[in-house]
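Enquirer: See coords_22.tsv below, with TSV, C-alpha atoms.
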```tsv
chain	number	residue	atom	x	y	z
A	654	GLU	CA	-115.14	176.30	96.26
A	655	THR	CA	-118.08	175.65	98.56
A	656	THR	CA	-119.64	179.00	97.61
A	657	GLY	CA	-120.41	177.50	94.20
A	658	LEU	CA	-119.25	180.60	92.31
A	659	MET	CA	-117.27	178.43	89.89
A	660	HIS	CA	-119.51	175.32	89.93
A	661	VAL	CA	-120.51	175.68	86.29
A	662	SER	CA	-117.00	174.32	85.59
A	663	TYR	CA	-118.21	170.90	86.75
A	664	LEU	CA	-121.09	171.11	84.30
A	665	ILE	CA	-118.68	171.91	81.48
A	666	GLN	CA	-116.54	168.90	82.46
A	667	MET	CA	-119.61	166.65	82.41
A	668	ILE	CA	-120.72	167.94	79.00
A	669	VAL	CA	-117.26	167.35	77.51
A	670	GLY	CA	-117.27	163.83	78.95
A	671	LEU	CA	-120.67	163.08	77.42
A	672	LEU	CA	-119.62	164.49	74.04
A	673	ALA	CA	-116.51	162.31	74.18
A	674	GLY	CA	-118.61	159.24	74.98
A	675	LYS	CA	-116.87	158.88	78.35
A	676	PRO	CA	-119.15	160.16	81.14
A	677	ILE	CA	-117.25	161.43	84.18
A	678	GLN	CA	-117.15	158.82	86.94
A	679	SER	CA	-116.92	160.34	90.41
A	680	LYS	CA	-115.01	158.50	93.13
A	681	GLU	CA	-117.12	160.16	95.80
A	682	PRO	CA	-120.07	158.32	97.39
A	683	PRO	CA	-123.51	159.06	95.88
A	684	ARG	CA	-125.00	162.36	97.06
A	685	SER	CA	-128.18	162.49	99.10
A	686	ALA	CA	-131.21	164.24	97.59
A	687	ALA	CA	-130.48	167.36	99.64
A	688	ALA	CA	-126.79	167.38	98.68
A	689	ASN	CA	-127.71	166.85	95.03
A	690	ALA	CA	-130.13	169.78	95.12
A	691	PHE	CA	-127.50	171.94	96.82
A	692	PHE	CA	-124.90	171.00	94.18
A	693	TRP	CA	-127.11	171.68	91.16
A	694	GLY	CA	-128.43	174.85	92.75
A	695	ARG	CA	-124.88	176.17	92.91
A	696	VAL	CA	-124.26	175.05	89.32
A	697	LEU	CA	-127.28	177.09	88.16
A	698	LEU	CA	-126.18	180.08	90.24
A	699	SER	CA	-122.68	179.87	88.79
A	700	ALA	CA	-124.05	179.59	85.24
A	701	ALA	CA	-126.23	182.66	85.81
A	702	ILE	CA	-123.28	184.67	87.15
A	703	LEU	CA	-121.11	183.60	84.22
A	704	GLY	CA	-123.85	184.51	81.73
A	705	PHE	CA	-124.28	187.93	83.35
A	706	ALA	CA	-120.52	188.54	83.36
A	707	LEU	CA	-120.25	187.63	79.67
A	708	ALA	CA	-123.26	189.78	78.75
A	709	VAL	CA	-121.87	192.85	80.52
A	710	THR	CA	-118.31	192.37	79.24
A	711	LEU	CA	-119.23	191.77	75.60
A	712	SER	CA	-121.79	194.59	75.61
A	713	ALA	CA	-119.23	196.98	77.08
A	714	LEU	CA	-116.65	195.81	74.56
A	715	PHE	CA	-118.86	196.51	71.55
A	716	ALA	CA	-119.88	199.83	73.06
A	717	GLY	CA	-116.25	200.85	73.46
A	718	ASN	CA	-116.53	200.95	77.26
A	719	THR	CA	-113.58	198.77	78.24
A	720	THR	CA	-109.93	199.54	78.91
A	721	MET	CA	-108.89	198.05	75.55
A	722	TRP	CA	-106.45	200.27	73.71
A	723	GLU	CA	-108.01	202.87	71.42
A	724	GLY	CA	-107.89	202.05	67.73
A	725	VAL	CA	-108.35	198.30	68.20
A	726	PRO	CA	-111.58	197.26	66.40
A	727	GLU	CA	-114.22	195.63	68.59
A	728	ALA	CA	-114.26	192.51	66.40
A	729	VAL	CA	-110.51	192.10	66.81
A	730	SER	CA	-110.87	192.55	70.58
A	731	VAL	CA	-113.50	189.79	70.76
A	732	ILE	CA	-111.34	187.44	68.68
A	733	LEU	CA	-108.31	188.16	70.88
A	734	PHE	CA	-110.42	187.63	73.98
A	735	PHE	CA	-111.57	184.13	73.08
A	736	LEU	CA	-108.30	183.15	71.36
A	737	LEU	CA	-106.11	184.12	74.31
A	738	MET	CA	-108.52	182.49	76.78
A	739	SER	CA	-108.21	179.29	74.75
A	740	VAL	CA	-104.42	179.51	74.85
A	741	VAL	CA	-104.46	180.04	78.61
A	742	GLY	CA	-106.94	177.19	78.98
A	743	MET	CA	-104.69	174.85	77.02
A	744	LEU	CA	-101.72	175.81	79.20
A	745	GLU	CA	-103.74	175.24	82.37
A	746	GLY	CA	-104.87	171.85	81.14
A	747	MET	CA	-101.40	170.90	79.95
A	748	GLN	CA	-99.83	171.23	83.38
A	749	ILE	CA	-102.50	168.94	84.83
A	750	ALA	CA	-102.10	166.42	82.01
A	751	PHE	CA	-98.29	166.43	82.20
A	752	PHE	CA	-98.25	165.61	85.90
A	753	ALA	CA	-101.02	163.04	85.43
A	754	VAL	CA	-99.00	161.01	82.91
A	755	ALA	CA	-95.57	161.56	84.45
A	756	LYS	CA	-95.55	158.12	86.09
A	757	LEU	CA	-97.22	156.24	83.25
A	758	THR	CA	-95.20	153.86	81.10
A	759	LYS	CA	-94.60	154.64	77.45
A	760	GLU	CA	-97.20	152.05	76.47
A	761	GLU	CA	-99.82	153.57	78.79
A	762	ARG	CA	-99.39	157.00	77.19
A	763	GLY	CA	-101.04	155.83	73.99
A	764	ASN	CA	-99.77	155.51	70.44
A	765	SER	CA	-100.65	158.97	69.16
A	766	LYS	CA	-97.78	160.57	67.25
A	767	PHE	CA	-98.11	163.89	69.04
A	768	ALA	CA	-98.52	162.24	72.44
A	769	GLN	CA	-95.23	160.43	71.89
A	770	MET	CA	-93.51	163.58	70.60
A	771	THR	CA	-94.77	165.60	73.57
A	772	CYS	CA	-93.63	163.03	76.14
A	773	ASP	CA	-90.26	162.51	74.45
A	774	LEU	CA	-89.56	166.25	74.61
A	775	LEU	CA	-91.04	166.79	78.06
A	776	TYR	CA	-89.38	163.91	79.92
A	777	LYS	CA	-86.13	163.53	78.00
A	778	GLY	CA	-82.80	163.50	79.80
A	779	LYS	CA	-83.11	164.32	83.49
A	780	GLY	CA	-86.63	165.62	83.04
A	781	MET	CA	-85.69	169.29	83.38
A	782	ASN	CA	-88.04	170.27	80.56
A	783	LEU	CA	-91.03	169.77	82.85
A	784	PRO	CA	-90.05	172.54	85.31
A	785	GLY	CA	-88.78	174.50	82.30
A	786	PHE	CA	-92.25	174.28	80.81
A	787	MET	CA	-93.78	175.53	84.07
A	788	ILE	CA	-91.61	178.65	83.90
A	789	GLY	CA	-92.34	179.30	80.23
A	790	ARG	CA	-96.01	178.55	80.78
A	791	GLN	CA	-96.24	181.18	83.50
A	792	LEU	CA	-94.64	183.77	81.25
A	793	CYS	CA	-97.12	182.96	78.49
A	794	VAL	CA	-100.13	183.02	80.82
A	795	VAL	CA	-99.16	186.39	82.31
A	796	SER	CA	-98.66	187.85	78.83
A	797	CYS	CA	-102.09	186.62	77.69
A	798	PHE	CA	-103.84	187.91	80.80
A	799	PHE	CA	-102.23	191.31	80.32
A	800	ILE	CA	-104.27	191.69	77.13
A	801	VAL	CA	-107.37	189.83	78.34
A	802	SER	CA	-107.63	192.12	81.38
A	803	ARG	CA	-107.76	195.13	79.05
A	804	VAL	CA	-110.64	193.53	77.15
A	805	THR	CA	-112.70	192.51	80.19
A	806	THR	CA	-112.46	195.56	82.45
A	807	VAL	CA	-115.43	197.91	82.09
A	808	SER	CA	-114.50	201.59	81.98
A	809	MET	CA	-116.88	204.51	81.50
A	810	ASP	CA	-115.74	207.91	80.28
A	811	GLU	CA	-116.37	210.86	82.55
A	812	GLY	CA	-119.90	212.16	82.16
A	813	GLU	CA	-121.23	209.00	80.49
A	814	GLY	CA	-122.99	207.75	83.59
A	815	ASN	CA	-123.09	204.11	84.64
A	816	PHE	CA	-123.11	201.17	82.25
A	817	TRP	CA	-126.66	199.85	81.68
A	818	GLY	CA	-127.78	202.49	84.18
A	819	VAL	CA	-126.75	200.36	87.16
A	820	SER	CA	-126.18	201.74	90.65
A	821	ASP	CA	-122.88	203.35	91.62
A	822	ALA	CA	-122.07	200.36	93.82
A	823	LEU	CA	-122.54	197.87	90.99
A	824	GLN	CA	-120.64	200.13	88.60
A	825	GLY	CA	-117.80	200.15	91.12
A	826	LEU	CA	-117.80	196.35	90.97
A	827	PHE	CA	-117.70	196.46	87.16
A	828	ASP	CA	-114.74	198.84	87.28
A	829	THR	CA	-112.67	196.47	89.42
A	830	GLY	CA	-112.49	193.89	86.63
A	831	PHE	CA	-114.19	191.29	88.83
A	832	LEU	CA	-116.49	190.15	86.03
A	833	GLY	CA	-113.47	189.48	83.82
A	834	ALA	CA	-111.87	187.53	86.66
A	835	VAL	CA	-114.98	185.33	86.93
A	836	ILE	CA	-115.02	184.70	83.16
A	837	THR	CA	-111.35	183.86	82.87
A	838	THR	CA	-111.26	181.72	86.01
A	839	ILE	CA	-114.11	179.56	84.72
A	840	LEU	CA	-113.55	179.55	80.95
A	841	ALA	CA	-109.76	179.88	80.82
A	842	SER	CA	-108.66	177.91	83.86
A	843	ILE	CA	-110.80	175.63	86.03
A	844	SER	CA	-112.88	174.07	83.25
A	845	TRP	CA	-109.79	173.16	81.25
A	846	GLN	CA	-108.08	171.72	84.33
A	847	LEU	CA	-111.07	169.55	85.13
A	848	VAL	CA	-111.28	168.28	81.56
A	849	ALA	CA	-107.53	167.60	81.45
A	850	SER	CA	-107.66	165.67	84.72
A	851	ALA	CA	-110.34	163.42	83.19
A	852	PHE	CA	-108.71	163.09	79.74
A	853	PRO	CA	-104.93	163.60	80.12
A	854	ILE	CA	-104.03	161.35	77.17
A	855	ALA	CA	-106.36	163.29	74.89
A	856	PHE	CA	-104.56	166.49	75.85
A	857	LEU	CA	-101.20	164.92	75.01
A	858	SER	CA	-102.51	163.80	71.62
A	859	ASN	CA	-103.42	167.34	70.57
A	860	PRO	CA	-100.85	168.89	68.17
A	861	ILE	CA	-101.52	172.29	69.77
A	862	THR	CA	-100.19	170.86	73.04
A	863	TYR	CA	-96.86	170.07	71.40
A	864	ALA	CA	-96.67	173.49	69.73
A	865	LEU	CA	-97.36	175.28	73.03
A	866	LEU	CA	-94.81	173.09	74.84
A	867	VAL	CA	-92.12	174.11	72.32
A	868	TRP	CA	-93.12	177.77	72.67
A	869	CYS	CA	-93.01	177.65	76.49
A	870	LEU	CA	-89.59	175.99	76.45
A	871	PHE	CA	-88.39	178.72	74.10
A	872	LEU	CA	-89.66	181.42	76.47
A	873	GLU	CA	-87.86	179.72	79.35
A	874	SER	CA	-84.65	179.50	77.30
A	875	THR	CA	-84.59	183.31	76.92
A	876	GLY	CA	-83.56	183.49	80.56
A	877	ILE	CA	-86.10	186.15	81.51
A	878	CYS	CA	-87.09	184.17	84.59
A	879	SER	CA	-83.87	182.24	85.20
A	880	GLY	CA	-83.78	183.69	88.70
A	881	ALA	CA	-86.53	181.17	89.54
A	882	TRP	CA	-84.01	178.33	89.20
A	883	PHE	CA	-81.62	180.08	91.59
A	884	LEU	CA	-84.33	180.74	94.17
A	885	ALA	CA	-85.53	177.14	93.87
A	886	LYS	CA	-82.00	175.86	94.57
A	887	ILE	CA	-81.80	178.06	97.68
A	888	ASP	CA	-85.17	176.79	98.87
A	889	LYS	CA	-84.10	173.19	98.18
A	890	LYS	CA	-80.91	173.71	100.18
A	891	ILE	CA	-82.74	175.25	103.16
A	892	ARG	CA	-85.42	172.57	103.25
A	893	GLY	CA	-82.97	169.72	102.65
A	894	PHE	CA	-84.85	168.21	99.68
```
Spit out the file's structure as structure tokens when you get a sec.
Expert:
Amino acid sequence: ETTGLMHVSYLIQMIVGLLAGKPIQSKEPPRSAAANAFFWGRVLLSAAILGFALAVTLSALFAGNTTMWEGVPEAVSVILFFLLMSVVGMLEGMQIAFFAVAKLTKEERGNSKFAQMTCDLLYKGKGMNLPGFMIGRQLCVVSCFFIVSRVTTVSMDEGEGNFWGVSDALQGLFDTGFLGAVITTILASISWQLVASAFPIAFLSNPITYALLVWCLFLESTGICSGAWFLAKIDKKIRGF
């Protein structure tokens, strides 16, 4: 985190807070001038890296130089890219929001219809739907990233040379999918988590949150990852929880 590679996520959190009319209030002591310059320097560096990663990835996508399956139109690939990143982002934010409101009273969770529906489903009975959601969520995230990774990995055909004429070393970095990892970590994970930690009730009030919760619980109910419950019970027994 100290490298600042993902620091643009903090900027996104601040922008969302300002747009919502609720500026983010830090609990840390005020930064010194040097610390402030160091922080914003890393934010600018992170923003530049993200911009470069997006430029390369989208250019490669429209040029047909990614590992996306043949026959899928570039426009469809772009739509899938941003749609699936949004889904993953919602799921990342949901887990933060769910744990944030777990100990709140029913009155403190707001009076939104969907917030009440989400909490009633999530915490009903013995509260087993919360860990059930975590299992289903992981299945959904992995499935989304399986497609996103195809969209974001640069791949040049033999004899085409390097993308944008870059050096072999930089092309090797492109080929690893690192740029896609930077994009998805910032835009489909950390930023959403930071926003959800600041506005957990707003996340609960979103109808998409309820729909994704139902979907994740359905995935868990298929039993594909039921072995996780068994392994958790063994771990609980060994540790004496």
Enquirer: Which centre and edge lengths in Å to one decimal define the box along x, y and z that fits every listed atom of range 775-785 of chain A plus 5 Å per side, as JSON?
Expert:
```
{"center_x": -86.9, "center_y": 169.0, "center_z": 81.7, "size_x": 18.2, "size_y": 21.0, "size_z": 17.3}
```
Enquirer: Within 12 Å of (-100.0, 185.3, 78.9) (file coordinates; only C-alpha atoms), which protein or nucleic acid residues are there? I'd like them as a PyMOL selection string.
Expert: chain A and resi 733-734+736-745+788-802+841+865+868-869+872
Enquirer: Can I get the selection written as an mmCIF file, keeping the file's coordinate frame, with C-alpha atoms?
Expert:
```cif
data_model
loop_
_atom_site.group_PDB
_atom_site.id
_atom_site.type_symbol
_atom_site.label_atom_id
_atom_site.label_comp_id
_atom_site.auth_asym_id
_atom_site.auth_seq_id
_atom_site.Cartn_x
_atom_site.Cartn_y
_atom_site.Cartn_z
ATOM 1 C CA LEU A 733 -108.310 188.160 70.880
ATOM 2 C CA PHE A 734 -110.420 187.630 73.980
ATOM 3 C CA LEU A 736 -108.300 183.150 71.360
ATOM 4 C CA LEU A 737 -106.110 184.120 74.310
ATOM 5 C CA MET A 738 -108.520 182.490 76.780
ATOM 6 C CA SER A 739 -108.210 179.290 74.750
ATOM 7 C CA VAL A 740 -104.420 179.510 74.850
ATOM 8 C CA VAL A 741 -104.460 180.040 78.610
ATOM 9 C CA GLY A 742 -106.940 177.190 78.980
ATOM 10 C CA MET A 743 -104.690 174.850 77.020
ATOM 11 C CA LEU A 744 -101.720 175.810 79.200
ATOM 12 C CA GLU A 745 -103.740 175.240 82.370
ATOM 13 C CA ILE A 788 -91.610 178.650 83.900
ATOM 14 C CA GLY A 789 -92.340 179.300 80.230
ATOM 15 C CA ARG A 790 -96.010 178.550 80.780
ATOM 16 C CA GLN A 791 -96.240 181.180 83.500
ATOM 17 C CA LEU A 792 -94.640 183.770 81.250
ATOM 18 C CA CYS A 793 -97.120 182.960 78.490
ATOM 19 C CA VAL A 794 -100.130 183.020 80.820
ATOM 20 C CA VAL A 795 -99.160 186.390 82.310
ATOM 21 C CA SER A 796 -98.660 187.850 78.830
ATOM 22 C CA CYS A 797 -102.090 186.620 77.690
ATOM 23 C CA PHE A 798 -103.840 187.910 80.800
ATOM 24 C CA PHE A 799 -102.230 191.310 80.320
ATOM 25 C CA ILE A 800 -104.270 191.690 77.130
ATOM 26 C CA VAL A 801 -107.370 189.830 78.340
ATOM 27 C CA SER A 802 -107.630 192.120 81.380
ATOM 28 C CA ALA A 841 -109.760 179.880 80.820
ATOM 29 C CA LEU A 865 -97.360 175.280 73.030
ATOM 30 C CA TRP A 868 -93.120 177.770 72.670
ATOM 31 C CA CYS A 869 -93.010 177.650 76.490
ATOM 32 C CA LEU A 872 -89.660 181.420 76.470
#
```
Enquirer: Here is a test: counting all atoms listed in the file, which residue of A:Ala851, A:Ile749, A:Ala687, A:Met787 is nearest to Lys675 in chain A?
Expert: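 Under the stated criterion, the closest residue is A:Ala851.
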Enquirer: I need the residue nearest Thr771 in chain A from this list: A:Ser662, A:Thr806, A:Thr656, A:Asn859. Use only C-alpha atoms for the distance.
Expert: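 Among the listed residues, the smallest separation from Thr771 in chain A belongs to A:Asn859.
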Enquirer: For Thr719 in chain A, which residue out of A:Asn782, A:Ser820, A:Thr829, A:Gln748 is the nearest one, using only C-alpha atoms?
Expert: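 Nearest candidate to Thr719 in chain A out of A:Asn782, A:Ser820, A:Thr829, A:Gln748: A:Thr829.
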Enquirer: Taking only C-alpha atoms into account, which of A:Phe751, A:Phe894, A:Leu847, A:Thr655 comes nearest Ile668 in chain A?
Expert: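 Checking each of A:Phe751, A:Phe894, A:Leu847, A:Thr655 against Ile668 in chain A, counting only C-alpha atoms, the winner is A:Leu847.
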Enquirer: Counting all atoms listed in the file, which residue out of A:Ile891, A:Val804, A:Leu832, A:Leu664 sits closest to Glu723 in chain A?
Expert: A:Val804
